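Read the structure below first, then the notes.
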There are 2 protein chains.
Amino acid sequence: MLRAGVDLGGTKIQVAILDPNLDVVGQCRVPTPQDHGSNGVLDAMIGAVGTALTAANATADQLIGVGVGAPGQIDKAAGTLSHAINLPDWMGTVEVSSVMRTALGVPIELANDVQVGVMAESRLGAGRPYDSMLGVFCGTGVGGGVVMHDTLWLGRGAAGEVGHMVVEPDGAKCTCGRRGCLEAYAGRAAMEIEARHRVKHGHKTDLFDIMEHKGRTRLASGVWAKALAHDDKMATRLIKRAEWALGLAIASAVNLLDIEAVIIGGGLGCRLGAPFVDRIREQMMPHLVLPERPPQVLVAALGDLGGATGAALLVEHTVAPTEQLGAVLDPDA
Amino acid sequence: MLRAGVDLGGTKIQVAILDPNLDVVGQCRVPTPQDHGSNGVLDAMIGAVGTALTAANATADQLIGVGVGAPGQIDKAAGTLSHAINLPDWMGTVEVSSVMRTALGVPIELANDVQVGVMAESRLGAGRPYDSMLGVFCGTGVGGGVVMHDTLWLGRGAAGEVGHMVVEPDGAKCTCGRRGCLEAYAGRAAMEIEARHRVKHGHKTDLFDIMEHKGRTRLASGVWAKALAHDDKMATRLIKRAEWALGLAIASAVNLLDIEAVIIGGGLGCRLGAPFVDRIREQMMPHLVLPERPPQVLVAALGDLGGATGAALLVEHTVAPTEQLGAVLDPDA
């Protein structure tokens with residue numbers, strides 16, 4: 001009785017296989033195909049689930065379901081994904097669930113990738129000891145979610161846009177078209193635009209040399225980490241600016257919600273780790289109404305596997321209560 | 001079977017008597033005594049409950065309990081109120097519940113005044129049709145609260161400090177000592193400090209003439225309303241600034257929580273009413289992630305009575321289930 005979770009991103013597909021104790025018993029990571037549209041991506045996801053099952057010494061008939069965390073607009077009931085602008089050539093509304101169900105023979109559950117990642121941290125990661133938390137995931141953009149009484153608050157379906165809390169009125173241009181959003185300071189896409197802008201105006205940095213040396217075309221989290229380690233001035237300044245914006249937005253959220261913990265994740269959060277999170281905490285402190293009783297501010301514990309693990313947790317709702325208790329009743333399993 | 005609610009403020013004490021249908025059947029409003037410390041205030045509250053009962057054609061033996069909404073730090077279990085800096089000469093920790101219980105002979109429930117006001121709007125006021133809402137109460141300061149699934153979210157006890165969400169980094173000095181908080185722009189105390197500062201620097205306004213003409217020593221909500229009606233330039237600018245800050249902070253909260261409605265209350269909110277709220281909505285819109293689906297932004301419906309009504313709702317938890325169904329079992333009632 002295994003469940004699979006698929007974390008579908010613009011550059012990689014990560015799969016985790018979970019046993020009934022929710023331990024990861026197999027995994028697989030492949031690049032997201034860039035040239036064959038949604039069909040290519042769906043094939044790669046199905047293939048990666050198979051590879052991860054093999055890594056777990058298991059076969060498809062042991063699977064009870066697959067959860068998929070994906071960016072974009074999700075219709076859970078229809079099992080479709082649209083407006084997935086970070087996915088290569090993802091045109092219109094794509095029937096993810098039916099295609100994967102046909103190929104894998106098990107129920108498929110779709111949900112938003114960030115929401116799935118936040119729930120994973122709450123249930124299995126750094127947020128586990130806390131009844132309430134704010135997840136802040138810094139990647140290409142900045143996403144997140146609020147967990148209250150161990151339940152993700154969805155609002156009218158779109159809650160968790162911590163990246164679009166305003167930190168500076170009429171501030172930096174955000175990738176969403178507005179100004180002054182947190183994401184305009186702490187999202188990798190906006191940070192790269194700012195770095196390129198500064199280079200164009202004569203500022204020096206090793207960021208783009210490191211990028212090329214690593215064979216990348218974008219300022220990935222590892223590029224920022226390496227530049228920071230080399231005391232690159234521009235990188236240090238832009239990361240400091242991100243920490244400042246994160247501290248400010250998080251403090252506003254904490255003053256409003258008085259949650260117990262803040263979990264910093266995403267590619268950038270996990271890669272820069274504890275020193276980054278410590279500096280964000282420092283930036284948050286001066287704005288708290290109750291600085292004598294701050295929330296815990298912690299690095300996400302599940303790292304790159306958080307999204308896939310969280311996606312696997314989606315399967316839970318589709319299985320019989322006996323299985324939830326860990327009983328293995330399937331004679332084939 | 002009646003319940004009483006007391007809204008204890010720095011300048012006035014408002015009492016409402018509610019029947020089992022939660023209709024207000026009697027009320028009383030008296031100034032908060034300024035000269036006799038907490039004993040004077042407690043006597044005035046007890047007296048006002050008696051007067052409100054008389055107004056309801058009722059007697060004390062028909063009361064099943066009294067709820068009190070108060071500013072400051074509340075120990076619900078002990079029934080005490082401390083750190084009530086807005087109350088005249090409120091020294092140390094005062095046993096509100098035991099004193100009132102002895103005088104009135106019924107259980108007393110204490111809670112935070114703003115939280116009580118937000119719950120009243122959610123259950124009986126403008127928030128009634130909505131499952132989730134943000135209450136923003138503009139008075140001397142700016143308080144509020146988040147209601148989710150018809151329940152006030154308390155966090156670790158201090159949630160709802162919407163007035164200390166940061167709207168402008170290193171911005172205007174807030175009465176809390178920090179900078180750039182919403183309250184520094186939209187709280188009456190901070191707005192008055194700014195107005196006095198501008199007058200000192202040669203700016204003209206009728207605000208203080210209107211204040212004196214009204215026999216007030218502070219820029220009360222009615223003073224602001226009158227100055228606005230007269231197109232007083234400084235008043236118009238400072239209210240515009242407040243609307244800007246409110247729109248910004250509310251948009252950040254909506255992006256984070258995707259709640260259905262925002263209810264604007266408090267002395268200033270209720271006094272300036274719909275035109276004020278419409279302008280706040282306008283200021284909010286440009287910052288929303290989903291402007292095509294904004295939350296409802298509404299004026300609080302219970303006005304000055306909201307606090308007292310909400311305080312009366314506190315009593316509910318102390319009565320027998322039969323009474324909650326509206327049954328009147330007490331032969332004396």
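In the structure tokens, the first chain shown is A, the next is B, and so on; residue numbers restart at 1 for each chain, and ligands run from 1 in the order shown.
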
Residues of chain B that have any atom at most 10 Å from an atom of chain A: could you tabulate them with the shortest-distance atom pair and the distance in Å to one decimal, using only C-alpha atoms, ordered by chain and increasing number, as a tab-separated table?
residue	atom	partner	partner_atom	distance
B:Asp131	CA	A:Gly155	CA	9.3
B:Ser132	CA	A:Gly155	CA	7.5
B:Met133	CA	A:Gly155	CA	9.7
B:Leu134	CA	A:Leu256	CA	10.0
B:Gly143	CA	A:Leu256	CA	9.7
B:Gly144	CA	A:Leu256	CA	8.5
B:Gly145	CA	A:Leu256	CA	7.6
B:Val146	CA	A:Leu257	CA	7.8
B:Met148	CA	A:Gly155	CA	8.3
B:His149	CA	A:Gly155	CA	9.6
B:Trp153	CA	A:Leu257	CA	7.4
B:Leu154	CA	A:Leu257	CA	7.3
B:Gly155	CA	A:Asp258	CA	4.7
B:Arg156	CA	A:Asp258	CA	5.7
B:Gly157	CA	A:Asp258	CA	7.3
B:Ala158	CA	A:Asp258	CA	6.0
B:Ala159	CA	A:Leu257	CA	4.6
B:Gly160	CA	A:Leu256	CA	4.7
B:Glu161	CA	A:Leu256	CA	4.9
B:Val162	CA	A:Leu256	CA	5.1
B:Gly163	CA	A:Leu256	CA	8.4
B:His164	CA	A:Asn255	CA	6.4
B:Met165	CA	A:Ser252	CA	4.2
B:Val166	CA	A:Ser252	CA	5.9
B:Val167	CA	A:Val167	CA	6.8
B:Glu168	CA	A:Glu168	CA	6.1
B:Pro169	CA	A:Glu168	CA	6.6
B:Cys176	CA	A:Val289	CA	8.1
B:Gly177	CA	A:Val289	CA	9.9
B:Arg178	CA	A:His287	CA	6.9
B:Arg179	CA	A:His287	CA	8.2
B:Gly180	CA	A:His287	CA	9.2
B:Cys181	CA	A:His287	CA	8.5
B:Trp244	CA	A:Pro169	CA	9.9
B:Ala245	CA	A:Pro169	CA	9.5
B:Leu248	CA	A:Val166	CA	7.1
B:Ala249	CA	A:Val166	CA	7.7
B:Ile250	CA	A:Met165	CA	9.5
B:Ala251	CA	A:Met165	CA	7.4
B:Ser252	CA	A:Met165	CA	4.2
B:Ala253	CA	A:Met165	CA	7.2
B:Val254	CA	A:Ala159	CA	7.9
B:Asn255	CA	A:Glu161	CA	5.2
B:Leu256	CA	A:Gly160	CA	4.7
B:Leu257	CA	A:Ala159	CA	4.6
B:Asp258	CA	A:Ala159	CA	4.7
B:Ile259	CA	A:Gly155	CA	5.3
B:Glu260	CA	A:Arg156	CA	7.0
B:Pro286	CA	A:Arg178	CA	7.7
B:His287	CA	A:Arg178	CA	6.9
B:Leu288	CA	A:His164	CA	7.9
B:Val289	CA	A:His164	CA	6.8
B:Leu290	CA	A:Ala158	CA	8.6
B:Arg293	CA	A:Arg156	CA	9.7
B:Pro295	CA	A:Arg156	CA	9.7

For B:Leu42, list every protein, DNA or RNA residue within 10 Å, evaluated using only C-alpha atoms, and leave out those in the same chain fewer than 2 positions away; present the list as a list in words.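 The neighbour list is Leu8, Thr32, Pro33, His36, Gly37, Ser38, Asn39, Gly40, Ala44, Met45, Ile46, Gly47, Ala48, Val94, Glu95, Val96, Ser97, Val99, Met100 and Ala103 of chain B.
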
Record the distance separating atom CA of A:Gly135 and atom CA of A:Ile263, expressed in Å with one decimal.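 If I compute the distance from atom CA of A:Gly135 to atom CA of A:Ile263, I get 4.8 Å.
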
Can you list, as a PyMOL selection string, all residues belonging to stretch 52-139 of chain B that DSSP tags as strand (DSSP E)? chain B and resi 63-70+73-75+80-82+94-95+108-112+133-138

Residues of stretch 25-158 of chain B in alpha helix (DSSP H), written as JSON, numbers by chain: {"B": [37, 38, 39, 40, 41, 42, 43, 44, 45, 46, 47, 48, 49, 50, 51, 52, 53, 54, 55, 96, 97, 98, 99, 100, 101, 102, 103, 104, 113, 114, 115, 116, 117, 118, 119, 120, 121, 122, 123, 124]}

Provide the atom CA of B:Phe137 to atom CA of B:Ile264 distance in Å, to one decimal place.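 Atom-to-atom, atom CA of B:Phe137 and atom CA of B:Ile264 are spaced 5.9 Å apart.
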
Rounded to one decimal place, report the atom CA of A:Ala4-atom CA of A:Ala301 distance in Å.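 Taking atom CA of A:Ala4 and atom CA of A:Ala301, their separation equals 19.4 Å.
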
Given the choices A:Arg29, A:Arg237, A:Arg279, A:Arg198, which gets closest to A:Thr51 if the distance is worked out from only C-alpha atoms?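 Among the listed residues, the smallest separation from A:Thr51 belongs to A:Arg29.
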
Write out as an NGL selection string the residues lying within 9 Å of A:Asp7, counting only C-alpha atoms and excluding same-chain residues fewer than 4 positions away. :A and (12-16 or 67-70 or 113 or 116-117 or 305-311)

I need the chosen residues saved as a compact mmCIF listing (two decimals), in the first residue's frame, with N, CA and C atoms.
# COMPACT_ATOMS: atom_id res chain seq x y z
N LYS A 12 11.91 20.98 -13.12
CA LYS A 12 12.09 19.58 -12.72
C LYS A 12 10.77 18.95 -12.26
N ILE A 13 10.76 17.63 -12.37
CA ILE A 13 9.66 16.82 -11.85
C ILE A 13 10.24 15.95 -10.74
N GLN A 14 9.70 16.09 -9.54
CA GLN A 14 10.21 15.31 -8.41
C GLN A 14 9.11 14.36 -7.95
N VAL A 15 9.45 13.10 -7.80
CA VAL A 15 8.47 12.11 -7.33
C VAL A 15 8.95 11.50 -6.02
N ALA A 16 8.02 11.28 -5.09
CA ALA A 16 8.33 10.55 -3.85
C ALA A 16 7.30 9.44 -3.67
N GLY A 67 -0.76 11.72 -5.93
CA GLY A 67 -1.08 13.14 -5.76
C GLY A 67 -0.14 13.96 -6.61
N VAL A 68 -0.66 15.03 -7.20
CA VAL A 68 0.16 15.89 -8.03
C VAL A 68 0.03 17.33 -7.54
N GLY A 69 1.16 17.94 -7.20
CA GLY A 69 1.19 19.37 -6.88
C GLY A 69 1.68 20.12 -8.10
N ALA A 70 0.89 21.06 -8.59
CA ALA A 70 1.24 21.72 -9.84
C ALA A 70 1.00 23.23 -9.74
N ASP A 113 0.74 23.51 -6.08
CA ASP A 113 2.05 23.06 -5.61
C ASP A 113 2.49 23.71 -4.29
N VAL A 116 0.40 22.45 -1.30
CA VAL A 116 0.82 21.08 -0.99
C VAL A 116 2.14 21.10 -0.20
N GLY A 117 3.04 21.99 -0.59
CA GLY A 117 4.32 22.11 0.10
C GLY A 117 4.15 22.63 1.53
N LEU A 305 12.20 17.69 -1.28
CA LEU A 305 11.20 16.62 -1.30
C LEU A 305 9.84 17.07 -0.76
N GLY A 306 9.77 18.29 -0.20
CA GLY A 306 8.54 18.76 0.42
C GLY A 306 7.33 18.72 -0.50
N GLY A 307 7.52 19.23 -1.70
CA GLY A 307 6.40 19.29 -2.64
C GLY A 307 5.87 17.91 -2.98
N ALA A 308 6.79 16.98 -3.28
CA ALA A 308 6.37 15.63 -3.66
C ALA A 308 5.74 14.90 -2.48
N THR A 309 6.31 15.08 -1.28
CA THR A 309 5.76 14.45 -0.09
C THR A 309 4.35 14.97 0.18
N GLY A 310 4.22 16.29 0.10
CA GLY A 310 2.91 16.90 0.32
C GLY A 310 1.90 16.42 -0.70
N ALA A 311 2.34 16.28 -1.94
CA ALA A 311 1.44 15.79 -2.99
C ALA A 311 0.95 14.38 -2.66

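Within 8 Å of B:Ala227, once only C-alpha atoms are used and residues closer than 2 positions along the same chain are dropped, the contacting residues are Asp206, Leu207, Ile210, Val223, Trp224, Ala225, Ala229, His230, Asp231, Asp232, Ala235 and Thr236 of chain B.
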
Could you save the residues just selected, with N, CA and C atoms, as an mmCIF file, in the first residue's frame?
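Heads up, here's the output in again.cif:
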data_model
loop_
_atom_site.group_PDB
_atom_site.id
_atom_site.type_symbol
_atom_site.label_atom_id
_atom_site.label_comp_id
_atom_site.auth_asym_id
_atom_site.auth_seq_id
_atom_site.Cartn_x
_atom_site.Cartn_y
_atom_site.Cartn_z
ATOM 1 N N ASP B 206 -9.343 74.142 10.052
ATOM 2 C CA ASP B 206 -10.429 74.483 10.978
ATOM 3 C C ASP B 206 -10.643 73.383 12.017
ATOM 4 N N LEU B 207 -9.850 72.302 11.912
ATOM 5 C CA LEU B 207 -10.068 71.141 12.789
ATOM 6 C C LEU B 207 -10.162 71.532 14.264
ATOM 7 N N ILE B 210 -13.242 73.687 15.168
ATOM 8 C CA ILE B 210 -14.431 72.821 15.238
ATOM 9 C C ILE B 210 -14.421 72.039 16.548
ATOM 10 N N VAL B 223 -15.564 65.580 14.802
ATOM 11 C CA VAL B 223 -14.783 66.756 14.399
ATOM 12 C C VAL B 223 -14.232 66.542 12.990
ATOM 13 N N TRP B 224 -13.683 65.369 12.751
ATOM 14 C CA TRP B 224 -13.161 65.047 11.418
ATOM 15 C C TRP B 224 -14.284 65.104 10.374
ATOM 16 N N ALA B 225 -15.445 64.547 10.733
ATOM 17 C CA ALA B 225 -16.567 64.517 9.795
ATOM 18 C C ALA B 225 -16.986 65.937 9.416
ATOM 19 N N ALA B 229 -16.785 67.819 5.762
ATOM 20 C CA ALA B 229 -17.985 68.395 5.147
ATOM 21 C C ALA B 229 -17.732 69.837 4.715
ATOM 22 N N HIS B 230 -16.827 70.513 5.437
ATOM 23 C CA HIS B 230 -16.476 71.900 5.107
ATOM 24 C C HIS B 230 -15.325 71.983 4.111
ATOM 25 N N ASP B 231 -14.926 70.841 3.543
ATOM 26 C CA ASP B 231 -13.798 70.804 2.610
ATOM 27 C C ASP B 231 -12.512 71.361 3.204
ATOM 28 N N ASP B 232 -12.328 71.171 4.493
ATOM 29 C CA ASP B 232 -11.079 71.595 5.127
ATOM 30 C C ASP B 232 -9.924 70.821 4.487
ATOM 31 N N ALA B 235 -7.788 68.376 6.793
ATOM 32 C CA ALA B 235 -8.590 67.211 7.177
ATOM 33 C C ALA B 235 -8.758 66.262 5.991
ATOM 34 N N THR B 236 -9.050 66.835 4.822
ATOM 35 C CA THR B 236 -9.242 66.011 3.617
ATOM 36 C C THR B 236 -7.969 65.237 3.296
#
